[in-house]
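S.K.: The structure is given below, and queries will be raised subsequently.
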Amino acid sequence: MTRLAIVTGASSGIGEATALRLAREADLRVVLVARREDRLRALAERIGRGASYVAVDLTAADAPARVREHAEGLGDPLGLLVNNAGAAWRATFADGGYENVRRTMEVNFDAVLRLTEALLPLLRAAAPSAIVNVASTAGRVARGGTGAYSASKFALAGWSDSLYLEEAPNGVHVGLVLPGFIATEGFPQSELRAKALTRRMVSTPEKGAEAIVAAGLGRKPERYVPRPYGIAAALRVVAPGLVRRVLGGGGAQVMTTRTGADAADER
Ligand SMILES: NC(=O)c1ccc[n+]([C@@H]2O[C@H](COP(=O)([O-])OP(=O)(O)OC[C@H]3O[C@@H](n4cnc5c(N)ncnc54)[C@H](OP(=O)(O)O)[C@@H]3O)[C@@H](O)[C@H]2O)c1
């Protein structure tokens with residue numbers, strides 16, 4: 001039987017790669033969600049096989065209802081929800097203040113919860129089904145200058161861990177994907193890619209998509225991508241002083257990235 005797979009943030013980067021990867025599964029029909037309609041239309045046409053899209057700002061009040069109505073209108077059960085849409089605006093707290101935290105939480109956390117709340121009844125009805133939340137290694141290890149982003153991803157990771165336990169008895173698997181550095185439009189990782197020493201730290205959207213498939217269709221609870229980034233998260237727990245020294249003593253400089261904010265502002 002055909003099942004729906006909803007992918008948010010499907011207009012670029014990891015979400016686009018995920019939609020293309022999921023489209024290779026014979027029993028899945030993908031639903032693309034993001035704001036840029038021209039991108040979504042072109043991708044749906046490229047995929048074919050009944051792919052469709054909802055062009056919506058996920059922070060809008062009516063966004064969850066619009067996505068749910070679209071899914072219900074298609075008539076197939078909802079097998080997979082990939083909460084991937086996200087953004088970052090780089091700023092210290094002294095510069096960006098609460099407003100930067102608020103707008104980041106709105107996209108990376110609140111919008112995910114609101115969409116999941118609207119779709120959970122459909123996922124339960126279609127169980128066994130799955131949710132994949134795309135957080136970040138920054139949701140386990142924080143760096144200077146990205147506090148708002150880390151706060152949103154820490155929140156998302158914590159909520160996902162809890163939802164995993166709550167929904168397991170209902171047959172709704174909750175997988176968490178924590179990317180490290182992946183070169184995309186919103187997160188170009190230009191500085192890391194420019195240096196031979198750090199180039200190999202940067203992965204591809206396709207690798208991100210494979211991790212999402214493993215966490216969703218493969219029902220893995222948690223995936224770092226690339227996998228060695230899990231070591232940073234483990235070190236943060238067992239050797240926090242060492243991690244602070246590395247990040248505070250030049251590591252933060254090495255890992256400085258241009259984030260979604262800059263790209264979003266240029267759009
Ligand atoms: N790349 C990395 O290094 C990295 C590392 C860790 C975590 N992540 C996470 O991976 C996810 C995907 O990021 P990416 O690297 O693929 O970046 P990206 O290429 O900038 O993609 C972000 C996607 O989110 C969508 N989006 C942003 N705000 C939205 C809104 N208000 N409503 C609807 N859609 C919205 C964008 O589409 P529209 O602009 O068309 O709306 C776009 O499709 C994000 O959650 C990000 O935090 C990425």
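FYI, nothing fancy with the structure tokens labels: chains A, B, ... in order, residues from 1 per chain, ligands from 1 as they appear.
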Counting only C-alpha atoms and all ligand atoms, name the residues that have an atom within 6 Å of an atom of ligand 1; the answer should be given as number ranges by chain.

M.R.: A: 9-15, 34-36, 56-59, 84-87, 107, 134-136, 179-187, 260

S.K.: Write the selection just made, keeping C-alpha atoms, as a short mmCIF file (atom, residue, chain, number, x, y, z; two decimals), in the first residue's frame?

M.R.:
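Saved result, selection.cif, follows:
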data_model
loop_
_atom_site.label_atom_id
_atom_site.label_comp_id
_atom_site.auth_asym_id
_atom_site.auth_seq_id
_atom_site.Cartn_x
_atom_site.Cartn_y
_atom_site.Cartn_z
CA GLY A 9 12.52 22.11 4.28
CA ALA A 10 12.44 20.20 0.99
CA SER A 11 13.30 23.21 -1.20
CA SER A 12 17.07 22.87 -0.62
CA GLY A 13 19.92 21.09 1.13
CA ILE A 14 19.30 18.05 3.32
CA GLY A 15 15.52 18.18 2.85
CA ALA A 34 8.82 24.83 2.46
CA ARG A 35 8.19 28.46 1.53
CA ARG A 36 9.71 28.69 -1.98
CA VAL A 56 3.90 27.48 3.40
CA ASP A 57 5.81 29.36 6.08
CA LEU A 58 5.82 26.82 8.92
CA THR A 59 5.75 29.61 11.51
CA ASN A 84 13.88 19.04 8.74
CA ALA A 85 13.15 22.76 8.04
CA GLY A 86 15.40 25.01 10.07
CA ALA A 87 17.48 28.18 10.07
CA VAL A 107 11.31 28.05 13.32
CA VAL A 134 16.56 16.92 12.39
CA ALA A 135 18.43 18.63 15.23
CA SER A 136 22.20 19.22 15.11
CA PRO A 179 24.16 16.59 11.63
CA GLY A 180 27.62 18.02 12.05
CA PHE A 181 28.83 20.21 9.21
CA ILE A 182 27.05 19.61 5.90
CA ALA A 183 27.50 22.02 3.01
CA THR A 184 24.11 23.44 1.97
CA GLU A 185 22.65 26.75 0.85
CA GLY A 186 21.73 27.81 4.37
CA PHE A 187 24.88 26.37 5.93
CA GLY A 260 21.24 30.02 7.40
#

S.K.: With a cut-off of 10 Å, could you pull out the residues of region 158-182 of chain A touching region 210-229 of chain A and give me the nearest pair of atoms for each, distance in Å to one decimal, using only C-alpha atoms, ordered by chain and ascending number, as a Markdown table?

M.R.:
| residue | atom | partner | partner_atom | distance |
| --- | --- | --- | --- | --- |
| A:Ser160 | CA | A:Pro221 | CA | 9.5 |
| A:Asp161 | CA | A:Pro221 | CA | 8.6 |
| A:Tyr164 | CA | A:Pro221 | CA | 7.7 |
| A:Val172 | CA | A:Arg219 | CA | 9.7 |
| A:His173 | CA | A:Arg219 | CA | 6.4 |
| A:Val174 | CA | A:Pro221 | CA | 6.6 |
| A:Gly175 | CA | A:Pro221 | CA | 4.5 |
| A:Leu176 | CA | A:Glu222 | CA | 4.6 |
| A:Val177 | CA | A:Arg223 | CA | 4.8 |
| A:Leu178 | CA | A:Tyr224 | CA | 4.7 |
| A:Pro179 | CA | A:Val225 | CA | 4.7 |
| A:Gly180 | CA | A:Val225 | CA | 6.0 |
| A:Phe181 | CA | A:Pro226 | CA | 8.1 |
| A:Ile182 | CA | A:Val225 | CA | 8.6 |

S.K.: Selection from above, C-alpha atoms, as a compact mmCIF listing (two decimals), in the first residue's frame, can you write it?

M.R.:
# COMPACT_ATOMS: atom_id res chain seq x y z
CA SER A 160 12.50 14.12 20.75
CA ASP A 161 14.04 11.88 23.42
CA TYR A 164 10.38 8.59 21.51
CA VAL A 172 5.05 5.83 16.13
CA HIS A 173 8.85 5.64 16.08
CA VAL A 174 10.70 8.92 16.79
CA GLY A 175 14.19 9.16 15.30
CA LEU A 176 16.65 11.97 15.95
CA VAL A 177 19.27 13.05 13.39
CA LEU A 178 22.13 15.26 14.56
CA PRO A 179 24.16 16.59 11.63
CA GLY A 180 27.62 18.02 12.05
CA PHE A 181 28.83 20.21 9.21
CA ILE A 182 27.05 19.61 5.90

S.K.: With only C-alpha atoms as the basis for distance, which of A:Leu115, A:Ala168, A:Arg236, A:Tyr53 is at the shortest distance from Glu37 (chain A)?

M.R.: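 Among the listed residues, A:Tyr53 lies closest to Glu37 (chain A).
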
S.K.: Can you work out which one of A:Ala209, A:Ala234, A:Leu113, A:Ala127 has the shortest atom-to-atom distance to Ala23 (chain A), counting only C-alpha atoms?

M.R.: A:Ala209

S.K.: If I take CA of Val101 (chain A) and CA of Ala148 (chain A), how far is one from the other in Å, to one decimal?

M.R.: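 CA of Ala148 (chain A) lies 4.5 Å from CA of Val101 (chain A).
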
S.K.: I need the residues of region 25-260 of chain A that end up classed as strand (DSSP E or B) by DSSP on the backbone, written out as a ChimeraX atom specification.

M.R.: /A:28-34,52-55,78-83,129-134,172-179,181-182,202-203,222-225

S.K.: Which residue, A:Arg21, A:Arg41, A:Arg3, A:Arg66, has the smallest gap to Gly208 (chain A) when you use only C-alpha atoms?

M.R.: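 That would be A:Arg21, the residue with the smallest distance to Gly208 (chain A).
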
S.K.: Out of A:Arg199, A:Arg29, A:Arg114, A:Arg49, which residue has the shortest atom-to-atom distance to Pro77 (chain A) when counting only C-alpha atoms?

M.R.: A:Arg29
